[in-house]
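Asks: Next comes coords-v1.pdb, PDB, C-alpha atoms and all ligand atoms:
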```
ATOM      1  CA  MET A   1      78.781 105.953  83.192  1.00  0.00           C
ATOM      2  CA  LYS A   2      75.417 105.204  84.810  1.00  0.00           C
ATOM      3  CA  ASN A   3      76.063 101.470  84.773  1.00  0.00           C
ATOM      4  CA  ILE A   4      79.144 101.815  87.001  1.00  0.00           C
ATOM      5  CA  THR A   5      79.149 101.989  90.794  1.00  0.00           C
ATOM      6  CA  LEU A   6      82.314 103.195  92.441  1.00  0.00           C
ATOM      7  CA  ILE A   7      82.991 101.248  95.606  1.00  0.00           C
ATOM      8  CA  ILE A   8      85.091 103.461  97.849  1.00  0.00           C
ATOM      9  CA  PRO A   9      86.585 101.779 100.927  1.00  0.00           C
ATOM     10  CA  ALA A  10      87.458 104.418 103.496  1.00  0.00           C
ATOM     11  CA  LYS A  11      89.184 104.285 106.841  1.00  0.00           C
ATOM     12  CA  ASP A  12      90.142 107.526 108.577  1.00  0.00           C
ATOM     13  CA  GLU A  13      89.992 109.474 105.317  1.00  0.00           C
ATOM     14  CA  SER A  14      88.334 112.702 106.490  1.00  0.00           C
ATOM     15  CA  GLU A  15      91.195 114.733 105.023  1.00  0.00           C
ATOM     16  CA  SER A  16      91.120 113.148 101.556  1.00  0.00           C
ATOM     17  CA  LEU A  17      87.655 111.768 100.835  1.00  0.00           C
ATOM     18  CA  PRO A  18      85.798 115.125 100.553  1.00  0.00           C
ATOM     19  CA  THR A  19      88.228 116.246  97.820  1.00  0.00           C
ATOM     20  CA  VAL A  20      87.925 112.875  96.077  1.00  0.00           C
ATOM     21  CA  LEU A  21      84.116 113.121  96.066  1.00  0.00           C
ATOM     22  CA  LYS A  22      84.248 116.731  94.865  1.00  0.00           C
ATOM     23  CA  ASN A  23      86.462 115.709  91.941  1.00  0.00           C
ATOM     24  CA  LEU A  24      84.077 112.868  91.093  1.00  0.00           C
ATOM     25  CA  LYS A  25      80.954 115.033  90.958  1.00  0.00           C
ATOM     26  CA  LYS A  26      81.058 115.798  87.258  1.00  0.00           C
ATOM     27  CA  PHE A  27      81.369 112.141  86.264  1.00  0.00           C
ATOM     28  CA  LYS A  28      77.946 111.130  87.565  1.00  0.00           C
ATOM     29  CA  PHE A  29      78.921 107.707  88.825  1.00  0.00           C
ATOM     30  CA  ARG A  30      76.888 105.938  91.442  1.00  0.00           C
ATOM     31  CA  ILE A  31      78.993 105.934  94.573  1.00  0.00           C
ATOM     32  CA  LEU A  32      79.066 103.613  97.556  1.00  0.00           C
ATOM     33  CA  VAL A  33      81.362 104.581 100.402  1.00  0.00           C
ATOM     34  CA  VAL A  34      82.065 101.654 102.690  1.00  0.00           C
ATOM     35  CA  LEU A  35      83.341 102.421 106.129  1.00  0.00           C
ATOM     36  CA  HIS A  36      83.076 101.523 109.769  1.00  0.00           C
ATOM     37  CA  LYS A  37      80.258 102.967 111.889  1.00  0.00           C
ATOM     38  CA  THR A  38      82.778 104.167 114.440  1.00  0.00           C
ATOM     39  CA  ASP A  39      84.618 106.303 111.851  1.00  0.00           C
ATOM     40  CA  LYS A  40      82.590 109.383 112.803  1.00  0.00           C
ATOM     41  CA  LYS A  41      85.151 111.863 111.503  1.00  0.00           C
ATOM     42  CA  THR A  42      85.080 110.495 107.941  1.00  0.00           C
ATOM     43  CA  ILE A  43      81.270 110.200 108.022  1.00  0.00           C
ATOM     44  CA  LYS A  44      80.969 113.832 109.117  1.00  0.00           C
ATOM     45  CA  SER A  45      83.436 115.013 106.478  1.00  0.00           C
ATOM     46  CA  ILE A  46      81.253 113.745 103.602  1.00  0.00           C
ATOM     47  CA  LYS A  47      77.829 114.762 104.942  1.00  0.00           C
ATOM     48  CA  ARG A  48      77.243 117.290 102.153  1.00  0.00           C
ATOM     49  CA  PHE A  49      77.735 114.744  99.344  1.00  0.00           C
ATOM     50  CA  LYS A  50      74.938 112.700  97.842  1.00  0.00           C
ATOM     51  CA  VAL A  51      76.591 109.315  98.121  1.00  0.00           C
ATOM     52  CA  LYS A  52      75.384 106.110  99.620  1.00  0.00           C
ATOM     53  CA  ILE A  53      77.191 105.150 102.796  1.00  0.00           C
ATOM     54  CA  ILE A  54      77.242 101.554 103.878  1.00  0.00           C
ATOM     55  CA  TYR A  55      78.717 100.233 107.052  1.00  0.00           C
ATOM     56  CA  GLN A  56      80.949  97.215 107.076  1.00  0.00           C
ATOM     57  CA  ASN A  57      80.143  94.561 109.649  1.00  0.00           C
ATOM     58  CA  GLY A  58      83.635  93.352 110.316  1.00  0.00           C
ATOM     59  CA  LYS A  59      87.042  94.945 109.975  1.00  0.00           C
ATOM     60  CA  GLY A  60      89.469  95.291 107.112  1.00  0.00           C
ATOM     61  CA  TYR A  61      89.911  96.451 103.539  1.00  0.00           C
ATOM     62  CA  GLY A  62      88.628  93.205 101.997  1.00  0.00           C
ATOM     63  CA  ASP A  63      85.667  93.111 104.358  1.00  0.00           C
ATOM     64  CA  ALA A  64      84.653  96.591 103.134  1.00  0.00           C
ATOM     65  CA  LEU A  65      85.030  95.657  99.463  1.00  0.00           C
ATOM     66  CA  ILE A  66      83.068  92.412  99.788  1.00  0.00           C
ATOM     67  CA  LYS A  67      80.262  94.319 101.467  1.00  0.00           C
ATOM     68  CA  GLY A  68      80.414  96.913  98.659  1.00  0.00           C
ATOM     69  CA  ILE A  69      80.322  94.327  95.871  1.00  0.00           C
ATOM     70  CA  ASN A  70      77.411  92.488  97.504  1.00  0.00           C
ATOM     71  CA  SER A  71      75.486  95.769  97.752  1.00  0.00           C
ATOM     72  CA  CYS A  72      76.241  96.830  94.173  1.00  0.00           C
ATOM     73  CA  LYS A  73      73.264  96.895  91.802  1.00  0.00           C
ATOM     74  CA  THR A  74      74.845  98.127  88.559  1.00  0.00           C
ATOM     75  CA  GLU A  75      76.310  95.946  85.799  1.00  0.00           C
ATOM     76  CA  LEU A  76      79.834  97.183  86.529  1.00  0.00           C
ATOM     77  CA  PHE A  77      81.708  98.166  89.670  1.00  0.00           C
ATOM     78  CA  CYS A  78      84.973  99.950  90.171  1.00  0.00           C
ATOM     79  CA  ILE A  79      87.130  99.807  93.291  1.00  0.00           C
ATOM     80  CA  PHE A  80      88.182 103.387  93.885  1.00  0.00           C
ATOM     81  CA  ASN A  81      90.391 104.563  96.762  1.00  0.00           C
ATOM     82  CA  ALA A  82      89.378 107.314  99.164  1.00  0.00           C
ATOM     83  CA  ASP A  83      92.863 108.808  99.302  1.00  0.00           C
ATOM     84  CA  GLY A  84      92.928 110.629  95.955  1.00  0.00           C
ATOM     85  CA  SER A  85      95.494 108.335  94.353  1.00  0.00           C
ATOM     86  CA  PHE A  86      93.256 107.162  91.494  1.00  0.00           C
ATOM     87  CA  LYS A  87      92.359 109.299  88.469  1.00  0.00           C
ATOM     88  CA  PRO A  88      88.610 109.229  87.683  1.00  0.00           C
ATOM     89  CA  LEU A  89      89.304 109.792  83.973  1.00  0.00           C
ATOM     90  CA  GLU A  90      91.051 106.425  83.740  1.00  0.00           C
ATOM     91  CA  ILE A  91      87.781 104.609  84.488  1.00  0.00           C
ATOM     92  CA  LYS A  92      86.422 105.555  81.080  1.00  0.00           C
ATOM     93  CA  LYS A  93      89.492 104.089  79.391  1.00  0.00           C
ATOM     94  CA  MET A  94      89.226 100.934  81.513  1.00  0.00           C
ATOM     95  CA  LYS A  95      85.579 100.522  80.554  1.00  0.00           C
ATOM     96  CA  LYS A  96      86.411 100.825  76.842  1.00  0.00           C
ATOM     97  CA  ILE A  97      89.064  98.119  77.125  1.00  0.00           C
ATOM     98  CA  LEU A  98      86.738  95.843  79.121  1.00  0.00           C
ATOM     99  CA  GLU A  99      84.042  96.166  76.466  1.00  0.00           C
ATOM    100  CA  ARG A 100      86.273  96.027  73.387  1.00  0.00           C
ATOM    101  CA  LYS A 101      88.145  92.926  74.572  1.00  0.00           C
ATOM    102  CA  LYS A 102      85.043  91.358  76.152  1.00  0.00           C
ATOM    103  CA  LEU A 103      86.733  90.989  79.535  1.00  0.00           C
ATOM    104  CA  ASP A 104      85.335  90.324  82.995  1.00  0.00           C
ATOM    105  CA  PHE A 105      87.769  92.483  84.981  1.00  0.00           C
ATOM    106  CA  VAL A 106      90.508  94.970  84.236  1.00  0.00           C
ATOM    107  CA  PHE A 107      93.271  95.561  86.786  1.00  0.00           C
ATOM    108  CA  GLY A 108      94.987  98.945  86.404  1.00  0.00           C
ATOM    109  CA  SER A 109      98.783  98.721  86.271  1.00  0.00           C
ATOM    110  CA  ARG A 110     101.441 101.192  87.369  1.00  0.00           C
ATOM    111  CA  TYR A 111     104.253  99.156  85.846  1.00  0.00           C
ATOM    112  CA  GLN A 112     103.893  99.337  82.074  1.00  0.00           C
ATOM    113  CA  ASN A 113     104.623 101.946  79.408  1.00  0.00           C
ATOM    114  CA  ASN A 114     102.863 105.262  80.026  1.00  0.00           C
ATOM    115  CA  SER A 115     102.125 104.409  83.629  1.00  0.00           C
ATOM    116  CA  GLY A 116     103.719 105.089  87.000  1.00  0.00           C
ATOM    117  CA  SER A 117     103.252 106.036  90.625  1.00  0.00           C
ATOM    118  CA  GLN A 118     103.908 108.967  92.903  1.00  0.00           C
ATOM    119  CA  ASP A 119     102.889 106.909  95.932  1.00  0.00           C
ATOM    120  CA  ASP A 120     105.158 103.882  95.650  1.00  0.00           C
ATOM    121  CA  THR A 121     108.094 103.303  97.979  1.00  0.00           C
ATOM    122  CA  TRP A 122     110.986 100.928  97.302  1.00  0.00           C
ATOM    123  CA  ILE A 123     109.424  98.443  99.695  1.00  0.00           C
ATOM    124  CA  THR A 124     105.996  98.483  98.037  1.00  0.00           C
ATOM    125  CA  PHE A 125     107.637  98.412  94.596  1.00  0.00           C
ATOM    126  CA  ILE A 126     109.706  95.319  95.398  1.00  0.00           C
ATOM    127  CA  GLY A 127     106.849  93.625  97.283  1.00  0.00           C
ATOM    128  CA  ASN A 128     104.496  94.173  94.420  1.00  0.00           C
ATOM    129  CA  PHE A 129     107.071  92.955  91.889  1.00  0.00           C
ATOM    130  CA  VAL A 130     107.550  89.706  93.823  1.00  0.00           C
ATOM    131  CA  PHE A 131     103.813  89.077  94.312  1.00  0.00           C
ATOM    132  CA  THR A 132     103.087  89.881  90.663  1.00  0.00           C
ATOM    133  CA  LEU A 133     105.783  87.400  89.614  1.00  0.00           C
ATOM    134  CA  ILE A 134     104.337  84.722  91.910  1.00  0.00           C
ATOM    135  CA  GLY A 135     100.940  85.426  90.357  1.00  0.00           C
ATOM    136  CA  LYS A 136     102.370  84.965  86.872  1.00  0.00           C
ATOM    137  CA  ILE A 137     104.355  81.810  87.583  1.00  0.00           C
ATOM    138  CA  PHE A 138     102.000  79.919  89.895  1.00  0.00           C
ATOM    139  CA  PHE A 139      98.577  81.157  88.783  1.00  0.00           C
ATOM    140  CA  LYS A 140      99.249  82.295  85.182  1.00  0.00           C
ATOM    141  CA  LEU A 141      97.880  85.753  85.846  1.00  0.00           C
ATOM    142  CA  PRO A 142      98.149  88.007  82.778  1.00  0.00           C
ATOM    143  CA  ILE A 143      98.503  91.173  84.847  1.00  0.00           C
ATOM    144  CA  THR A 144     101.506  93.331  85.705  1.00  0.00           C
ATOM    145  CA  ASP A 145     100.472  94.908  89.029  1.00  0.00           C
ATOM    146  CA  ILE A 146      98.766  92.524  91.426  1.00  0.00           C
ATOM    147  CA  LEU A 147      98.461  94.669  94.572  1.00  0.00           C
ATOM    148  CA  TYR A 148      97.265  98.001  93.135  1.00  0.00           C
ATOM    149  CA  THR A 149      93.575  96.968  93.084  1.00  0.00           C
ATOM    150  CA  PHE A 150      92.270  99.728  90.858  1.00  0.00           C
ATOM    151  CA  VAL A 151      89.758  97.322  89.349  1.00  0.00           C
ATOM    152  CA  LEU A 152      86.787  97.708  87.034  1.00  0.00           C
ATOM    153  CA  GLY A 153      84.706  94.608  86.540  1.00  0.00           C
ATOM    154  CA  LYS A 154      81.408  92.884  86.067  1.00  0.00           C
ATOM    155  CA  THR A 155      79.453  92.798  89.299  1.00  0.00           C
ATOM    156  CA  ASN A 156      77.752  89.449  88.669  1.00  0.00           C
ATOM    157  CA  LYS A 157      81.125  87.808  87.968  1.00  0.00           C
ATOM    158  CA  ALA A 158      82.629  89.183  91.188  1.00  0.00           C
ATOM    159  CA  LYS A 159      79.632  87.910  93.162  1.00  0.00           C
ATOM    160  CA  LYS A 160      80.144  84.439  91.658  1.00  0.00           C
ATOM    161  CA  LEU A 161      83.672  84.252  93.046  1.00  0.00           C
ATOM    162  CA  LYS A 162      82.427  84.130  96.650  1.00  0.00           C
ATOM    163  CA  LEU A 163      85.296  86.303  97.815  1.00  0.00           C
ATOM    164  CA  ASN A 164      86.069  85.930 101.500  1.00  0.00           C
ATOM    165  CA  GLN A 165      89.350  87.671 102.330  1.00  0.00           C
ATOM    166  CA  LYS A 166      88.748  90.381 104.902  1.00  0.00           C
ATOM    167  CA  ASN A 167      92.217  91.923 104.931  1.00  0.00           C
ATOM    168  CA  PHE A 168      94.545  93.065 102.116  1.00  0.00           C
ATOM    169  CA  SER A 169      94.756  89.465 100.826  1.00  0.00           C
ATOM    170  CA  PHE A 170      91.646  90.509  98.915  1.00  0.00           C
ATOM    171  CA  CYS A 171      94.051  92.157  96.416  1.00  0.00           C
ATOM    172  CA  VAL A 172      95.365  88.755  95.293  1.00  0.00           C
ATOM    173  CA  GLU A 173      92.190  86.767  95.920  1.00  0.00           C
ATOM    174  CA  LEU A 174      90.219  88.618  93.250  1.00  0.00           C
ATOM    175  CA  PRO A 175      92.587  88.140  90.275  1.00  0.00           C
ATOM    176  CA  ILE A 176      93.584  84.582  91.252  1.00  0.00           C
ATOM    177  CA  LYS A 177      89.994  83.355  91.698  1.00  0.00           C
ATOM    178  CA  ALA A 178      88.914  85.158  88.513  1.00  0.00           C
ATOM    179  CA  VAL A 179      91.537  83.325  86.459  1.00  0.00           C
ATOM    180  CA  GLU A 180      90.856  80.010  88.211  1.00  0.00           C
ATOM    181  CA  ASN A 181      87.216  80.427  87.173  1.00  0.00           C
ATOM    182  CA  ASN A 182      88.201  81.046  83.536  1.00  0.00           C
ATOM    183  CA  MET A 183      87.246  84.687  83.621  1.00  0.00           C
ATOM    184  CA  LYS A 184      89.035  87.064  81.282  1.00  0.00           C
ATOM    185  CA  ILE A 185      91.237  89.790  82.694  1.00  0.00           C
ATOM    186  CA  CYS A 186      93.971  92.176  81.591  1.00  0.00           C
ATOM    187  CA  SER A 187      95.862  95.212  82.879  1.00  0.00           C
ATOM    188  CA  PRO A 188      95.578  98.614  81.237  1.00  0.00           C
ATOM    189  CA  ASN A 189      97.990 101.451  82.126  1.00  0.00           C
ATOM    190  CA  SER A 190      97.381 103.617  85.130  1.00  0.00           C
ATOM    191  CA  TYR A 191      99.143 106.472  86.864  1.00  0.00           C
ATOM    192  CA  GLU A 192      98.884 106.534  90.653  1.00  0.00           C
ATOM    193  CA  LEU A 193      98.896 109.950  92.333  1.00  0.00           C
ATOM    194  CA  LYS A 194     100.208 110.732  95.783  1.00  0.00           C
ATOM    195  CA  ARG A 195      97.582 110.351  98.503  1.00  0.00           C
ATOM    196  CA  ILE A 196      96.055 113.784  99.236  1.00  0.00           C
ATOM    197  CA  ALA A 197      96.500 113.609 103.000  1.00  0.00           C
ATOM    198  CA  GLY A 198      96.269 111.199 105.890  1.00  0.00           C
ATOM    199  CA  LYS A 199      98.165 107.987 106.428  1.00  0.00           C
ATOM    200  CA  LYS A 200      98.531 104.814 104.395  1.00  0.00           C
ATOM    201  CA  LYS A 201      96.672 101.918 106.046  1.00  0.00           C
ATOM    202  CA  VAL A 202      98.859  99.148 104.705  1.00  0.00           C
ATOM    203  CA  ASN A 203     101.625  97.803 106.896  1.00  0.00           C
ATOM    204  CA  GLU A 204     104.121  96.608 104.296  1.00  0.00           C
ATOM    205  CA  PHE A 205     105.597  93.760 106.361  1.00  0.00           C
ATOM    206  CA  LEU A 206     102.591  92.534 108.330  1.00  0.00           C
ATOM    207  CA  ASP A 207     100.131  92.745 105.435  1.00  0.00           C
ATOM    208  CA  GLY A 208     102.787  91.411 103.056  1.00  0.00           C
ATOM    209  CA  MET A 209     103.196  88.340 105.286  1.00  0.00           C
ATOM    210  CA  LYS A 210      99.426  87.785 105.453  1.00  0.00           C
ATOM    211  CA  ILE A 211      99.204  87.974 101.656  1.00  0.00           C
ATOM    212  CA  LEU A 212     102.095  85.540 101.252  1.00  0.00           C
ATOM    213  CA  ILE A 213     100.541  83.007 103.649  1.00  0.00           C
ATOM    214  CA  TYR A 214      97.231  83.315 101.822  1.00  0.00           C
ATOM    215  CA  ILE A 215      98.867  82.775  98.401  1.00  0.00           C
ATOM    216  CA  VAL A 216     100.580  79.621  99.651  1.00  0.00           C
ATOM    217  CA  LYS A 217      97.236  78.364 101.039  1.00  0.00           C
ATOM    218  CA  LEU A 218      95.482  79.129  97.763  1.00  0.00           C
ATOM    219  CA  TYR A 219      98.169  77.298  95.821  1.00  0.00           C
ATOM    220  CA  PHE A 220      97.604  74.217  97.915  1.00  0.00           C
ATOM    221  CA  LYS A 221      93.825  74.737  97.660  1.00  0.00           C
ATOM    222  CA  ASN A 222      93.249  75.309 101.305  1.00  0.00           C
ATOM    223  CA  ALA A 223      91.509  78.643 100.995  1.00  0.00           C
TER
HETATM  224  N1  LIG B 301      86.453 100.590 104.963  1.00  0.00           N
HETATM  225  C1  LIG B 301      87.766 100.361 105.056  1.00  0.00           C
HETATM  226  N2  LIG B 301      88.612 100.947 104.189  1.00  0.00           N
HETATM  227  C2  LIG B 301      89.934 100.691 104.298  1.00  0.00           C
HETATM  228  C3  LIG B 301      90.459  99.810 105.276  1.00  0.00           C
HETATM  229  N3  LIG B 301      91.797  99.749 105.121  1.00  0.00           N
HETATM  230  C4  LIG B 301      92.110 100.561 104.093  1.00  0.00           C
HETATM  231  N4  LIG B 301      90.986 101.145 103.597  1.00  0.00           N
HETATM  232  C5  LIG B 301      90.872 102.077 102.467  1.00  0.00           C
HETATM  233  O1  LIG B 301      91.387 101.419 101.332  1.00  0.00           O
HETATM  234  C6  LIG B 301      92.050 102.334 100.468  1.00  0.00           C
HETATM  235  C7  LIG B 301      93.489 101.889 100.230  1.00  0.00           C
HETATM  236  O2  LIG B 301      94.221 102.021 101.428  1.00  0.00           O
HETATM  237  P1  LIG B 301      95.618 102.769 101.477  1.00  0.00           P
HETATM  238  O3  LIG B 301      96.004 102.940 102.884  1.00  0.00           O
HETATM  239  O4  LIG B 301      95.576 104.001 100.632  1.00  0.00           O
HETATM  240  O5  LIG B 301      96.568 101.704 100.839  1.00  0.00           O
HETATM  241  P2  LIG B 301      97.537 101.883  99.582  1.00  0.00           P
HETATM  242  O6  LIG B 301      96.678 102.413  98.465  1.00  0.00           O
HETATM  243  O7  LIG B 301      98.074 100.529  99.360  1.00  0.00           O
HETATM  244  O8  LIG B 301      98.526 102.896 100.010  1.00  0.00           O
HETATM  245  C8  LIG B 301      91.902 103.708 101.126  1.00  0.00           C
HETATM  246  O9  LIG B 301      90.779 104.340 100.588  1.00  0.00           O
HETATM  247  C9  LIG B 301      91.679 103.344 102.600  1.00  0.00           C
HETATM  248  O10 LIG B 301      90.977 104.332 103.310  1.00  0.00           O
HETATM  249  C10 LIG B 301      89.515  99.192 106.194  1.00  0.00           C
HETATM  250  O11 LIG B 301      89.878  98.430 107.084  1.00  0.00           O
HETATM  251  N5  LIG B 301      88.203  99.507 106.024  1.00  0.00           N
HETATM  252 MG    MG B 302      96.589 104.549  98.790  1.00  0.00          MG
END
```
Will you turn the file into structure tokens for me?
Replies:
Amino acid sequence: MKNITLIIPAKDESESLPTVLKNLKKFKFRILVVLHKTDKKTIKSIKRFKVKIIYQNGKGYGDALIKGINSCKTELFCIFNADGSFKPLEIKKMKKILERKKLDFVFGSRYQNNSGSQDDTWITFIGNFVFTLIGKIFFKLPITDILYTFVLGKTNKAKKLKLNQKNFSFCVELPIKAVENNMKICSPNSYELKRIAGKKKVNEFLDGMKILIYIVKLYFKNA
């Protein structure tokens, strides 16, 4: 697992991130935590862990991930949440699929056989279903869960995509631009756990609207 860097975006995660990092210890991944300089509480909470902390310049989930990808030096990267909802063991399975099928990215999916979520609400379930369908119809995406963003992929390929979405539109930008650039992707099963503590950062309606506007722009090649 030495060729994988986990990119962990964190915002106000002092209650969850220490447990996440503790659970990751035995896997020996390289870890980059990306957060805002002003998030003193989260920074303090992970002082005892040997992880690299990088500060995002701007604001937003996508801004943190772009910074993380640009700072990543290993062949592979994995976007891994700070809230305890992703299972570290699944990364191994994702890596096997990526290598066996010679893919560029794999996008974990909560909506297939042997998968599921403890963290989904009806609103996020329906929103995700609609966006995944739009992805399939308008961009021919071969994935079944577009917003989850539990992604393992090749770092050099991600850098080539010149990703620029600073907010949660990043979730759709990555798979859409990957497919538009003829990169190979698929979605293996995943099971999402409940967040350990703290609050969800996504605002279903506001962020959903931003994602929708971005998808329309992308479709008409304005983004
Ligand atoms: N650095 C950074 N991390 C963020 C930001 N927004 C969300 N995150 C992190 O991104 C991950 C996913 O956010 P979360 O609220 O759990 O969304 P959900 O998984 O859709 O429920 C968590 O680790 C958050 O702490 C942000 O603006 N900056
Ligand atoms: Mg979450």
Asks: Edge lengths and centre, in Å to one decimal, as JSON: that's what I need for the box along x, y and z that holds all listed atoms of region 112-123 of chain A plus 4 Å on each side.
Replies:
```
{"center_x": 106.6, "center_y": 103.7, "center_z": 89.6, "size_x": 16.9, "size_y": 18.5, "size_z": 28.3}
```
Asks: Pull out every residue that the PyMOL selection byres (((not hetatm)) within 9 of (chain B and resi 302)) matches in the shown coordinates and put them as number ranges by chain.
Replies: A: 81-86, 119, 148, 192-195, 199-202
Asks: Neighbouring residues of ligand LIG 301 (chain B) are defined here as those with any atom at most 9 Å from a ligand atom, counting only C-alpha atoms and all ligand atoms; list them as a PyMOL selection string.
Replies: chain A and resi 8-13+16-17+33-36+55-56+58-65+80-85+119-120+124+147-149+166-168+195+198-204
Asks: Once you have the residues from the selection above, write them out as a CSV table (one decimal), in the coordinates of the input, restricted to C-alpha atoms.
Replies:
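Contents of part_3.csv, as written:
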```csv
chain,number,residue,atom,x,y,z
A,8,ILE,CA,85.1,103.5,97.8
A,9,PRO,CA,86.6,101.8,100.9
A,10,ALA,CA,87.5,104.4,103.5
A,11,LYS,CA,89.2,104.3,106.8
A,12,ASP,CA,90.1,107.5,108.6
A,13,GLU,CA,90.0,109.5,105.3
A,16,SER,CA,91.1,113.1,101.6
A,17,LEU,CA,87.7,111.8,100.8
A,33,VAL,CA,81.4,104.6,100.4
A,34,VAL,CA,82.1,101.7,102.7
A,35,LEU,CA,83.3,102.4,106.1
A,36,HIS,CA,83.1,101.5,109.8
A,55,TYR,CA,78.7,100.2,107.1
A,56,GLN,CA,80.9,97.2,107.1
A,58,GLY,CA,83.6,93.4,110.3
A,59,LYS,CA,87.0,94.9,110.0
A,60,GLY,CA,89.5,95.3,107.1
A,61,TYR,CA,89.9,96.5,103.5
A,62,GLY,CA,88.6,93.2,102.0
A,63,ASP,CA,85.7,93.1,104.4
A,64,ALA,CA,84.7,96.6,103.1
A,65,LEU,CA,85.0,95.7,99.5
A,80,PHE,CA,88.2,103.4,93.9
A,81,ASN,CA,90.4,104.6,96.8
A,82,ALA,CA,89.4,107.3,99.2
A,83,ASP,CA,92.9,108.8,99.3
A,84,GLY,CA,92.9,110.6,96.0
A,85,SER,CA,95.5,108.3,94.4
A,119,ASP,CA,102.9,106.9,95.9
A,120,ASP,CA,105.2,103.9,95.6
A,124,THR,CA,106.0,98.5,98.0
A,147,LEU,CA,98.5,94.7,94.6
A,148,TYR,CA,97.3,98.0,93.1
A,149,THR,CA,93.6,97.0,93.1
A,166,LYS,CA,88.7,90.4,104.9
A,167,ASN,CA,92.2,91.9,104.9
A,168,PHE,CA,94.5,93.1,102.1
A,195,ARG,CA,97.6,110.4,98.5
A,198,GLY,CA,96.3,111.2,105.9
A,199,LYS,CA,98.2,108.0,106.4
A,200,LYS,CA,98.5,104.8,104.4
A,201,LYS,CA,96.7,101.9,106.0
A,202,VAL,CA,98.9,99.1,104.7
A,203,ASN,CA,101.6,97.8,106.9
A,204,GLU,CA,104.1,96.6,104.3
```
Asks: Which residues are close to Asn156 (chain A), i.e. within 10 Å by all atoms listed in the file, leaving aside same-chain residues fewer than 5 positions away? Reply as a list of chain:residue names.
Replies: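 Using all atoms listed in the file, the neighbours found are A:Ile69, A:Asn70, A:Cys72, A:Lys73, A:Thr74, A:Glu75, A:Leu76, A:Phe77, A:Asp104, A:Leu161.
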Asks: Given the choices A:Leu32, A:Ala158, A:Val106, A:Ile123, which gets closest to Ile54 (chain A) if the distance is worked out from all atoms listed in the file?
Replies: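 Counting all atoms listed in the file, the residue closest to Ile54 (chain A) is A:Leu32.
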Asks: Given the file shown, enumerate the residues that the PyMOL selection byres (((chain A and resi 172-174) around 8) and not hetatm) captures and present them as number ranges by chain.
Replies: A: 146-147, 158, 161, 163, 165, 169-171, 175-178, 211, 215
Asks: Mind telling me what the PyMOL selection byres (((chain A and resi 103) around 10) and not hetatm) catches here, as a count of residues only?
Replies: 16
Asks: At what distance in Å, to one decimal, does CA of Pro188 (chain A) lie from CA of Pro18 (chain A)?
Replies: 27.2 Å
Asks: Could you check which of A:Cys78, A:Val179, A:Leu206, A:Ile66 is closest to Arg30 (chain A), using only C-alpha atoms?
Replies: A:Cys78
Asks: Could you jot down the CA of Leu6 (chain A) to CA of Lys41 (chain A) separation for me, Å, one decimal place?
Replies: 21.1 Å
Asks: Would you mind telling me which residue in A:Tyr191, A:Ser71, A:Pro88, A:Asp39 lies nearest to Asn114 (chain A) when using only C-alpha atoms?
Replies: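 Checking each of A:Tyr191, A:Ser71, A:Pro88, A:Asp39 against Asn114 (chain A), counting only C-alpha atoms, the winner is A:Tyr191.
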Asks: Excluding Ile91 (chain A) and residues on its chain fewer than 5 positions from it, collect all residues at most 9 Å away from it, counting only C-alpha atoms, and give them as an NGL selection string.
Replies: :A and (78 or 96 or 151-152)
Asks: Quick check, in Å to one decimal: how far apart do CA of Met1 (chain A) and CA of Lys28 (chain A) lie?
Replies: 6.8 Å
Asks: For the point (99.8, 80.8, 89.8) in the file's frame, write as a ChimeraX atom specification all residues with an atom no more than 10 Å away, counting only C-alpha atoms.
Replies: /A:132-141,176,179-180,215-216,218-219
